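Q: Take a look at start35.txt, compact mmCIF, N, CA and C atoms:
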# COMPACT_ATOMS: atom_id res chain seq x y z
N MET A 5 -137.67 145.25 66.76
CA MET A 5 -138.75 145.50 67.68
C MET A 5 -138.29 145.18 69.09
N LYS A 6 -138.71 146.01 70.03
CA LYS A 6 -138.40 145.79 71.43
C LYS A 6 -139.69 145.90 72.22
N GLU A 7 -139.87 144.99 73.19
CA GLU A 7 -141.04 145.01 74.03
C GLU A 7 -140.62 145.25 75.47
N ILE A 8 -141.33 146.15 76.14
CA ILE A 8 -141.04 146.48 77.53
C ILE A 8 -142.30 146.27 78.35
N LYS A 9 -142.15 145.56 79.47
CA LYS A 9 -143.25 145.40 80.42
C LYS A 9 -143.08 146.44 81.51
N ILE A 10 -144.15 147.12 81.85
CA ILE A 10 -144.11 148.17 82.87
C ILE A 10 -144.28 147.53 84.24
N ASN A 11 -143.34 147.85 85.14
CA ASN A 11 -143.44 147.33 86.51
C ASN A 11 -144.08 148.39 87.41
N GLN A 12 -144.22 148.07 88.67
CA GLN A 12 -144.91 148.94 89.61
C GLN A 12 -144.21 150.29 89.76
N ASN A 13 -142.88 150.31 89.72
CA ASN A 13 -142.14 151.56 89.90
C ASN A 13 -142.34 152.54 88.74
N ASP A 14 -142.61 152.03 87.57
CA ASP A 14 -142.76 152.89 86.39
C ASP A 14 -144.21 153.21 86.06
N ALA A 15 -145.15 152.68 86.80
CA ALA A 15 -146.57 152.90 86.51
C ALA A 15 -146.99 154.32 86.89
N ASN A 16 -148.12 154.74 86.33
CA ASN A 16 -148.75 156.04 86.61
C ASN A 16 -147.90 157.24 86.19
N GLN A 17 -147.23 157.13 85.08
CA GLN A 17 -146.53 158.28 84.51
C GLN A 17 -146.83 158.34 83.01
N ARG A 18 -146.58 159.51 82.44
CA ARG A 18 -146.86 159.69 81.03
C ARG A 18 -145.89 158.87 80.19
N LEU A 19 -146.39 158.40 79.04
CA LEU A 19 -145.59 157.59 78.14
C LEU A 19 -144.34 158.32 77.67
N ASP A 20 -144.48 159.60 77.27
CA ASP A 20 -143.32 160.33 76.76
C ASP A 20 -142.26 160.53 77.83
N LYS A 21 -142.65 160.77 79.07
CA LYS A 21 -141.68 160.94 80.16
C LYS A 21 -140.94 159.63 80.43
N PHE A 22 -141.67 158.52 80.40
CA PHE A 22 -141.05 157.22 80.62
C PHE A 22 -140.04 156.90 79.52
N LEU A 23 -140.41 157.14 78.26
CA LEU A 23 -139.51 156.84 77.14
C LEU A 23 -138.27 157.72 77.18
N MET A 24 -138.42 159.00 77.51
CA MET A 24 -137.26 159.90 77.57
C MET A 24 -136.30 159.48 78.69
N LYS A 25 -136.86 158.99 79.79
CA LYS A 25 -136.04 158.56 80.92
C LYS A 25 -135.33 157.24 80.61
N THR A 26 -136.03 156.33 79.96
CA THR A 26 -135.50 154.99 79.72
C THR A 26 -134.52 154.95 78.55
N PHE A 27 -134.79 155.72 77.50
CA PHE A 27 -133.96 155.71 76.30
C PHE A 27 -133.37 157.10 76.05
N PRO A 28 -132.21 157.41 76.63
CA PRO A 28 -131.65 158.76 76.47
C PRO A 28 -131.25 159.10 75.04
N LYS A 29 -131.00 158.11 74.19
CA LYS A 29 -130.60 158.38 72.80
C LYS A 29 -131.80 158.62 71.88
N LEU A 30 -133.00 158.39 72.39
CA LEU A 30 -134.21 158.62 71.61
C LEU A 30 -134.59 160.09 71.73
N GLY A 31 -134.45 160.82 70.63
CA GLY A 31 -134.78 162.24 70.64
C GLY A 31 -136.27 162.49 70.74
N LYS A 32 -136.63 163.67 71.23
CA LYS A 32 -138.06 164.00 71.39
C LYS A 32 -138.79 163.98 70.06
N SER A 33 -138.20 164.60 69.05
CA SER A 33 -138.89 164.66 67.76
C SER A 33 -139.07 163.27 67.16
N MET A 34 -138.06 162.42 67.30
CA MET A 34 -138.17 161.05 66.78
C MET A 34 -139.24 160.28 67.55
N MET A 35 -139.31 160.49 68.86
CA MET A 35 -140.30 159.79 69.68
C MET A 35 -141.71 160.22 69.29
N TYR A 36 -141.96 161.54 69.19
CA TYR A 36 -143.30 162.02 68.85
C TYR A 36 -143.71 161.57 67.44
N LYS A 37 -142.76 161.56 66.51
CA LYS A 37 -143.05 161.10 65.15
C LYS A 37 -143.39 159.61 65.15
N ALA A 38 -142.65 158.82 65.94
CA ALA A 38 -142.91 157.38 66.02
C ALA A 38 -144.28 157.10 66.63
N ILE A 39 -144.68 157.90 67.62
CA ILE A 39 -146.01 157.72 68.21
C ILE A 39 -147.09 158.05 67.18
N ARG A 40 -146.90 159.14 66.43
CA ARG A 40 -147.89 159.52 65.40
C ARG A 40 -147.99 158.47 64.30
N ASN A 41 -146.85 157.87 63.93
CA ASN A 41 -146.82 156.88 62.85
C ASN A 41 -147.03 155.45 63.32
N LYS A 42 -147.48 155.28 64.56
CA LYS A 42 -147.80 153.97 65.14
C LYS A 42 -146.60 153.04 65.21
N LYS A 43 -145.41 153.58 65.40
CA LYS A 43 -144.22 152.76 65.59
C LYS A 43 -143.96 152.50 67.07
N ILE A 44 -144.75 153.16 67.93
CA ILE A 44 -144.74 152.89 69.37
C ILE A 44 -146.18 152.60 69.75
N LYS A 45 -146.39 151.44 70.37
CA LYS A 45 -147.75 151.02 70.74
C LYS A 45 -147.76 150.59 72.20
N VAL A 46 -148.90 150.80 72.85
CA VAL A 46 -149.12 150.35 74.22
C VAL A 46 -150.21 149.30 74.18
N ASN A 47 -149.88 148.12 74.69
CA ASN A 47 -150.80 146.97 74.67
C ASN A 47 -151.30 146.67 73.25
N ARG A 48 -150.38 146.77 72.29
CA ARG A 48 -150.62 146.48 70.88
C ARG A 48 -151.67 147.39 70.24
N LYS A 49 -151.91 148.55 70.84
CA LYS A 49 -152.86 149.51 70.29
C LYS A 49 -152.19 150.86 70.12
N ARG A 50 -152.79 151.67 69.29
CA ARG A 50 -152.29 153.03 69.09
C ARG A 50 -152.30 153.79 70.42
N CYS A 51 -151.31 154.65 70.62
CA CYS A 51 -151.20 155.37 71.87
C CYS A 51 -150.99 156.86 71.61
N THR A 52 -151.06 157.64 72.66
CA THR A 52 -150.77 159.07 72.58
C THR A 52 -149.61 159.37 73.51
N PHE A 53 -148.92 160.50 73.24
CA PHE A 53 -147.73 160.81 74.03
C PHE A 53 -148.09 161.12 75.49
N ASP A 54 -149.29 161.61 75.76
CA ASP A 54 -149.66 161.97 77.13
C ASP A 54 -150.45 160.87 77.84
N GLN A 55 -150.46 159.69 77.27
CA GLN A 55 -151.16 158.55 77.86
C GLN A 55 -150.43 158.10 79.12
N LYS A 56 -151.20 157.81 80.17
CA LYS A 56 -150.62 157.28 81.41
C LYS A 56 -150.42 155.78 81.26
N ILE A 57 -149.22 155.32 81.58
CA ILE A 57 -148.95 153.89 81.51
C ILE A 57 -149.23 153.27 82.88
N GLN A 58 -149.71 152.04 82.86
CA GLN A 58 -150.09 151.34 84.08
C GLN A 58 -149.22 150.09 84.24
N GLU A 59 -149.25 149.55 85.44
CA GLU A 59 -148.49 148.34 85.72
C GLU A 59 -148.97 147.21 84.80
N ASN A 60 -148.04 146.41 84.32
CA ASN A 60 -148.26 145.27 83.41
C ASN A 60 -148.61 145.70 81.99
N ASP A 61 -148.56 146.98 81.67
CA ASP A 61 -148.72 147.41 80.28
C ASP A 61 -147.52 146.92 79.47
N SER A 62 -147.73 146.70 78.20
CA SER A 62 -146.68 146.27 77.29
C SER A 62 -146.45 147.38 76.26
N ILE A 63 -145.22 147.85 76.16
CA ILE A 63 -144.89 148.88 75.17
C ILE A 63 -144.07 148.23 74.06
N LEU A 64 -144.55 148.35 72.84
CA LEU A 64 -143.85 147.83 71.67
C LEU A 64 -143.19 148.99 70.94
N LEU A 65 -141.89 148.86 70.66
CA LEU A 65 -141.14 149.90 69.98
C LEU A 65 -140.58 149.34 68.68
N PHE A 66 -141.02 149.87 67.56
CA PHE A 66 -140.54 149.47 66.25
C PHE A 66 -139.58 150.55 65.76
N LEU A 67 -138.42 150.63 66.40
CA LEU A 67 -137.42 151.68 66.12
C LEU A 67 -136.06 151.04 65.92
N PRO A 68 -135.10 151.80 65.34
CA PRO A 68 -133.75 151.27 65.14
C PRO A 68 -133.10 150.89 66.47
N PRO A 69 -132.31 149.82 66.49
CA PRO A 69 -131.71 149.36 67.74
C PRO A 69 -130.73 150.35 68.38
N ASP A 70 -130.12 151.23 67.59
CA ASP A 70 -129.13 152.15 68.18
C ASP A 70 -129.79 153.19 69.09
N VAL A 71 -131.05 153.55 68.87
CA VAL A 71 -131.73 154.50 69.75
C VAL A 71 -132.43 153.80 70.91
N LEU A 72 -132.48 152.48 70.88
CA LEU A 72 -133.17 151.73 71.93
C LEU A 72 -132.22 151.20 72.99
N GLU A 73 -131.04 151.78 73.10
CA GLU A 73 -130.12 151.38 74.16
C GLU A 73 -130.62 151.99 75.46
N GLU A 74 -130.89 151.12 76.45
CA GLU A 74 -131.44 151.60 77.71
C GLU A 74 -130.37 152.27 78.56
N LYS A 75 -130.83 153.17 79.40
CA LYS A 75 -129.94 153.89 80.31
C LYS A 75 -129.35 152.89 81.29
N LYS A 76 -128.04 152.95 81.47
CA LYS A 76 -127.35 152.03 82.36
C LYS A 76 -126.97 152.76 83.64
N VAL A 77 -127.27 152.12 84.75
CA VAL A 77 -126.92 152.68 86.05
C VAL A 77 -125.74 151.88 86.56
N GLU A 78 -124.62 152.55 86.74
CA GLU A 78 -123.42 151.87 87.22
C GLU A 78 -123.12 152.31 88.64
N THR A 79 -123.09 151.35 89.53
CA THR A 79 -122.66 151.60 90.90
C THR A 79 -121.78 150.46 91.33
N ASN A 80 -120.70 150.80 91.93
CA ASN A 80 -119.78 149.81 92.46
C ASN A 80 -120.02 149.71 93.95
N TYR A 81 -120.42 148.55 94.40
CA TYR A 81 -120.72 148.36 95.80
C TYR A 81 -119.45 147.89 96.52
N ILE A 82 -119.07 148.63 97.52
CA ILE A 82 -117.87 148.28 98.28
C ILE A 82 -118.23 147.30 99.39
N SER A 83 -119.35 147.55 100.06
CA SER A 83 -119.79 146.69 101.14
C SER A 83 -121.31 146.59 101.11
N SER A 84 -121.82 145.46 101.52
CA SER A 84 -123.27 145.32 101.58
C SER A 84 -123.71 145.09 103.02
N LYS A 85 -122.82 145.32 103.98
CA LYS A 85 -123.16 145.14 105.39
C LYS A 85 -124.14 146.24 105.80
N LEU A 86 -125.29 145.82 106.35
CA LEU A 86 -126.35 146.76 106.68
C LEU A 86 -127.08 146.28 107.93
N ASP A 87 -127.25 147.16 108.91
CA ASP A 87 -127.96 146.84 110.15
C ASP A 87 -129.41 147.31 110.00
N VAL A 88 -130.30 146.40 109.57
CA VAL A 88 -131.69 146.73 109.33
C VAL A 88 -132.46 146.66 110.64
N ILE A 89 -133.14 147.75 110.99
CA ILE A 89 -133.96 147.80 112.20
C ILE A 89 -135.39 147.42 111.87
N TYR A 90 -135.94 147.99 110.79
CA TYR A 90 -137.31 147.70 110.39
C TYR A 90 -137.42 147.81 108.88
N GLU A 91 -138.19 146.90 108.30
CA GLU A 91 -138.40 146.95 106.86
C GLU A 91 -139.78 146.42 106.53
N ASP A 92 -140.50 147.15 105.66
CA ASP A 92 -141.73 146.65 105.09
C ASP A 92 -141.77 147.09 103.64
N GLU A 93 -142.93 147.03 103.02
CA GLU A 93 -143.04 147.34 101.59
C GLU A 93 -142.69 148.79 101.26
N ASN A 94 -142.93 149.71 102.19
CA ASN A 94 -142.74 151.13 101.91
C ASN A 94 -141.62 151.79 102.71
N ILE A 95 -141.18 151.20 103.80
CA ILE A 95 -140.23 151.85 104.70
C ILE A 95 -139.05 150.94 104.97
N LEU A 96 -137.87 151.55 105.04
CA LEU A 96 -136.65 150.86 105.44
C LEU A 96 -135.96 151.73 106.48
N ILE A 97 -135.75 151.19 107.67
CA ILE A 97 -135.04 151.90 108.73
C ILE A 97 -133.77 151.12 109.03
N VAL A 98 -132.63 151.80 108.90
CA VAL A 98 -131.34 151.16 109.15
C VAL A 98 -130.56 151.97 110.18
N ASN A 99 -129.62 151.30 110.83
CA ASN A 99 -128.72 151.94 111.77
C ASN A 99 -127.45 152.31 111.01
N LYS A 100 -127.26 153.61 110.73
CA LYS A 100 -126.10 154.07 109.98
C LYS A 100 -124.92 154.19 110.93
N PRO A 101 -123.83 153.45 110.66
CA PRO A 101 -122.66 153.56 111.52
C PRO A 101 -122.04 154.95 111.47
N TYR A 102 -121.44 155.36 112.58
CA TYR A 102 -120.77 156.65 112.66
C TYR A 102 -119.63 156.69 111.64
N GLY A 103 -119.55 157.77 110.91
CA GLY A 103 -118.47 157.96 109.94
C GLY A 103 -118.82 157.50 108.53
N LEU A 104 -119.88 156.72 108.38
CA LEU A 104 -120.30 156.27 107.05
C LEU A 104 -121.08 157.39 106.37
N LEU A 105 -120.71 157.72 105.15
CA LEU A 105 -121.42 158.76 104.41
C LEU A 105 -122.83 158.30 104.06
N SER A 106 -123.77 159.24 104.06
CA SER A 106 -125.14 158.93 103.64
C SER A 106 -125.20 158.78 102.13
N GLN A 107 -124.53 159.70 101.41
CA GLN A 107 -124.46 159.67 99.95
C GLN A 107 -123.01 159.87 99.55
N SER A 108 -122.61 159.24 98.44
CA SER A 108 -121.23 159.40 97.99
C SER A 108 -121.11 160.57 97.03
N ASP A 109 -119.92 161.07 96.92
CA ASP A 109 -119.61 162.08 95.92
C ASP A 109 -119.51 161.35 94.58
N GLN A 110 -120.22 161.83 93.56
CA GLN A 110 -120.27 161.13 92.27
C GLN A 110 -118.89 160.99 91.62
N SER A 111 -117.98 161.89 91.93
CA SER A 111 -116.67 161.83 91.28
C SER A 111 -115.77 160.77 91.91
N GLN A 112 -116.12 160.30 93.11
CA GLN A 112 -115.30 159.32 93.80
C GLN A 112 -116.11 158.06 94.06
N ASN A 113 -115.43 156.93 94.09
CA ASN A 113 -116.07 155.66 94.37
C ASN A 113 -115.93 155.40 95.86
N GLN A 114 -116.94 155.80 96.65
CA GLN A 114 -116.86 155.69 98.09
C GLN A 114 -117.95 154.78 98.62
N ASP A 115 -117.66 154.17 99.78
CA ASP A 115 -118.67 153.37 100.47
C ASP A 115 -119.63 154.34 101.16
N CYS A 116 -120.93 154.14 100.96
CA CYS A 116 -121.93 155.01 101.58
C CYS A 116 -123.20 154.20 101.85
N LEU A 117 -124.10 154.79 102.61
CA LEU A 117 -125.33 154.11 103.00
C LEU A 117 -126.22 153.81 101.78
N VAL A 118 -126.31 154.74 100.84
CA VAL A 118 -127.13 154.52 99.66
C VAL A 118 -126.65 153.31 98.86
N ASN A 119 -125.33 153.18 98.67
CA ASN A 119 -124.79 152.04 97.94
C ASN A 119 -125.05 150.73 98.67
N ARG A 120 -124.97 150.76 100.00
CA ARG A 120 -125.24 149.54 100.77
C ARG A 120 -126.71 149.13 100.65
N VAL A 121 -127.62 150.08 100.68
CA VAL A 121 -129.05 149.77 100.54
C VAL A 121 -129.32 149.22 99.15
N GLN A 122 -128.72 149.81 98.12
CA GLN A 122 -128.93 149.32 96.76
C GLN A 122 -128.35 147.93 96.56
N ALA A 123 -127.25 147.62 97.24
CA ALA A 123 -126.64 146.29 97.13
C ALA A 123 -127.55 145.26 97.77
Turn the structure described in the file into structure tokens.
A:
Amino acid sequence: MKEIKINQNDANQRLDKFLMKTFPKLGKSMMYKAIRNKKIKVNRKRCTFDQKIQENDSILLFLPPDVLEEKKVETNYISSKLDVIYEDENILIVNKPYGLLSQSDQSQNQDCLVNRVQA
């Protein structure tokens, strides 16, 4: 059994979309069958695939551990130096140095603004 707490970033989306994004090894047919057979529950109650999940919801998954491997995001941060001009809950304004890439090419490990913000 695995339990997942929904945070603010994952709230207000359909349960099936969240599960497909979070668990890439979980096939659609297996997910829909598990929901029908009550092997996936939201807040310890029966759920539907099109149910909207909310912040602080608890998802219980009674599935084999090999399909419950979460998606891993790998980024190598070269530098975390960042000139922040303004920041609040919704907006981040930074001064991007000349010559620094905004986004890196996925095939190469390059220093870029996105990696610095994530660091």
Q: At a cut-off of 6.5 Å, using all atoms listed in the file, what residues contact range 33-40 of chain A? Leave out same-chain residues fewer than 3 positions from it and give the result as a list in words.
A: Leu30, Lys43, Ile44, Cys51 and Phe53 of chain A
Q: How would the residues just chosen look if you wrote them out with N, CA and C atoms as a PDB file, in the frame of the given file?
A:
ATOM      1  N   LEU A  30    -133.000 158.390  72.390  1.00  0.00           N
ATOM      2  CA  LEU A  30    -134.210 158.620  71.610  1.00  0.00           C
ATOM      3  C   LEU A  30    -134.590 160.090  71.730  1.00  0.00           C
ATOM      4  N   LYS A  43    -145.410 153.580  65.400  1.00  0.00           N
ATOM      5  CA  LYS A  43    -144.220 152.760  65.590  1.00  0.00           C
ATOM      6  C   LYS A  43    -143.960 152.500  67.070  1.00  0.00           C
ATOM      7  N   ILE A  44    -144.750 153.160  67.930  1.00  0.00           N
ATOM      8  CA  ILE A  44    -144.740 152.890  69.370  1.00  0.00           C
ATOM      9  C   ILE A  44    -146.180 152.600  69.750  1.00  0.00           C
ATOM     10  N   CYS A  51    -151.310 154.650  70.620  1.00  0.00           N
ATOM     11  CA  CYS A  51    -151.200 155.370  71.870  1.00  0.00           C
ATOM     12  C   CYS A  51    -150.990 156.860  71.610  1.00  0.00           C
ATOM     13  N   PHE A  53    -148.920 160.500  73.240  1.00  0.00           N
ATOM     14  CA  PHE A  53    -147.730 160.810  74.030  1.00  0.00           C
ATOM     15  C   PHE A  53    -148.090 161.120  75.490  1.00  0.00           C
TER      16      PHE A  53
END
Q: Could you please determine the separation between atom N of Leu72 in chain A and CA of Asn16 in chain A in Å, to one decimal place?
A: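 Separating atom N of Leu72 in chain A from CA of Asn16 in chain A is a distance of 22.9 Å.
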Q: Using Å and a single decimal, report how far atom N of Leu105 in chain A sits from atom N of Thr26 in chain A.
A: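 Interatomic distance, atom N of Thr26 in chain A to atom N of Leu105 in chain A: 29.5 Å.
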Q: Which of range 5-114 of chain A counts as strand (DSSP E) under DSSP, as a PyMOL selection string please?
A: chain A and resi 6-9+17-18+44-46+49-50+56-57+62-65+88-91+96-98
Q: Output N, CA and C atoms for every residue in the selection just made, as a tab-separated table (two decimals), in the coordinates of the input.
A:
chain	number	residue	atom	x	y	z
A	6	LYS	N	-138.71	146.01	70.03
A	6	LYS	CA	-138.40	145.79	71.43
A	6	LYS	C	-139.69	145.90	72.22
A	7	GLU	N	-139.87	144.99	73.19
A	7	GLU	CA	-141.04	145.01	74.03
A	7	GLU	C	-140.62	145.25	75.47
A	8	ILE	N	-141.33	146.15	76.14
A	8	ILE	CA	-141.04	146.48	77.53
A	8	ILE	C	-142.30	146.27	78.35
A	9	LYS	N	-142.15	145.56	79.47
A	9	LYS	CA	-143.25	145.40	80.42
A	9	LYS	C	-143.08	146.44	81.51
A	17	GLN	N	-147.23	157.13	85.08
A	17	GLN	CA	-146.53	158.28	84.51
A	17	GLN	C	-146.83	158.34	83.01
A	18	ARG	N	-146.58	159.51	82.44
A	18	ARG	CA	-146.86	159.69	81.03
A	18	ARG	C	-145.89	158.87	80.19
A	44	ILE	N	-144.75	153.16	67.93
A	44	ILE	CA	-144.74	152.89	69.37
A	44	ILE	C	-146.18	152.60	69.75
A	45	LYS	N	-146.39	151.44	70.37
A	45	LYS	CA	-147.75	151.02	70.74
A	45	LYS	C	-147.76	150.59	72.20
A	46	VAL	N	-148.90	150.80	72.85
A	46	VAL	CA	-149.12	150.35	74.22
A	46	VAL	C	-150.21	149.30	74.18
A	49	LYS	N	-151.91	148.55	70.84
A	49	LYS	CA	-152.86	149.51	70.29
A	49	LYS	C	-152.19	150.86	70.12
A	50	ARG	N	-152.79	151.67	69.29
A	50	ARG	CA	-152.29	153.03	69.09
A	50	ARG	C	-152.30	153.79	70.42
A	56	LYS	N	-151.20	157.81	80.17
A	56	LYS	CA	-150.62	157.28	81.41
A	56	LYS	C	-150.42	155.78	81.26
A	57	ILE	N	-149.22	155.32	81.58
A	57	ILE	CA	-148.95	153.89	81.51
A	57	ILE	C	-149.23	153.27	82.88
A	62	SER	N	-147.73	146.70	78.20
A	62	SER	CA	-146.68	146.27	77.29
A	62	SER	C	-146.45	147.38	76.26
A	63	ILE	N	-145.22	147.85	76.16
A	63	ILE	CA	-144.89	148.88	75.17
A	63	ILE	C	-144.07	148.23	74.06
A	64	LEU	N	-144.55	148.35	72.84
A	64	LEU	CA	-143.85	147.83	71.67
A	64	LEU	C	-143.19	148.99	70.94
A	65	LEU	N	-141.89	148.86	70.66
A	65	LEU	CA	-141.14	149.90	69.98
A	65	LEU	C	-140.58	149.34	68.68
A	88	VAL	N	-130.30	146.40	109.57
A	88	VAL	CA	-131.69	146.73	109.33
A	88	VAL	C	-132.46	146.66	110.64
A	89	ILE	N	-133.14	147.75	110.99
A	89	ILE	CA	-133.96	147.80	112.20
A	89	ILE	C	-135.39	147.42	111.87
A	90	TYR	N	-135.94	147.99	110.79
A	90	TYR	CA	-137.31	147.70	110.39
A	90	TYR	C	-137.42	147.81	108.88
A	91	GLU	N	-138.19	146.90	108.30
A	91	GLU	CA	-138.40	146.95	106.86
A	91	GLU	C	-139.78	146.42	106.53
A	96	LEU	N	-137.87	151.55	105.04
A	96	LEU	CA	-136.65	150.86	105.44
A	96	LEU	C	-135.96	151.73	106.48
A	97	ILE	N	-135.75	151.19	107.67
A	97	ILE	CA	-135.04	151.90	108.73
A	97	ILE	C	-133.77	151.12	109.03
A	98	VAL	N	-132.63	151.80	108.90
A	98	VAL	CA	-131.34	151.16	109.15
A	98	VAL	C	-130.56	151.97	110.18
Q: Nearest residue to Gln55 in chain A out of A:Leu96, A:Leu117, A:Leu23, A:Leu104, using only C-alpha atoms?
A: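 Among A:Leu96, A:Leu117, A:Leu23, A:Leu104, it is A:Leu23 that comes nearest to Gln55 in chain A.
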Q: To one decimal in Å, tell me the separation between CA of Lys56 in chain A and CA of Asn13 in chain A.
A: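 So the two atoms, CA of Lys56 in chain A and CA of Asn13 in chain A, lie 13.3 Å apart.
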Q: Of the residues A:Asn47, A:Lys42, A:Gln114, A:Glu59, which is the one nearest to Asp14 in chain A, using all atoms listed in the file?
A: A:Glu59
Q: Select, from A:Ile95, A:Leu19, A:Met5, A:Ile10, the residue with the minimum atom-to-atom distance to Asn60 in chain A, counting all atoms listed in the file.
A: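 The shortest atom-to-atom distance to Asn60 in chain A comes from A:Ile10.
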Q: May I have the residues within 7 Å of Val121 in chain A as a list in words, using only N, CA and C atoms and disregarding those fewer than 3 positions away in the same chain?
A: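 Result of the neighbour search: Ser84, Leu86, Cys116, Leu117 and Val118 of chain A.
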Q: I need the residue nearest Thr52 in chain A from this list: A:Lys6, A:Lys75, A:Gly31, A:Asp20. Use only N, CA and C atoms for the distance.
A: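 Ranking A:Lys6, A:Lys75, A:Gly31, A:Asp20 by distance to Thr52 in chain A, first place goes to A:Asp20.
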Q: Leaving out Asp87 in chain A and any residue of its chain fewer than 4 positions from it, which residues lie within 12 Å of it when counting only C-alpha atoms, given as number ranges by chain?
A: A: 91, 96-101, 117, 120-121
Q: As a ChimeraX atom specification, please: the residues near Glu7 in chain A (cut-off 6 Å, all atoms listed in the file, same-chain neighbours under 4 positions excluded).
A: /A:63-65
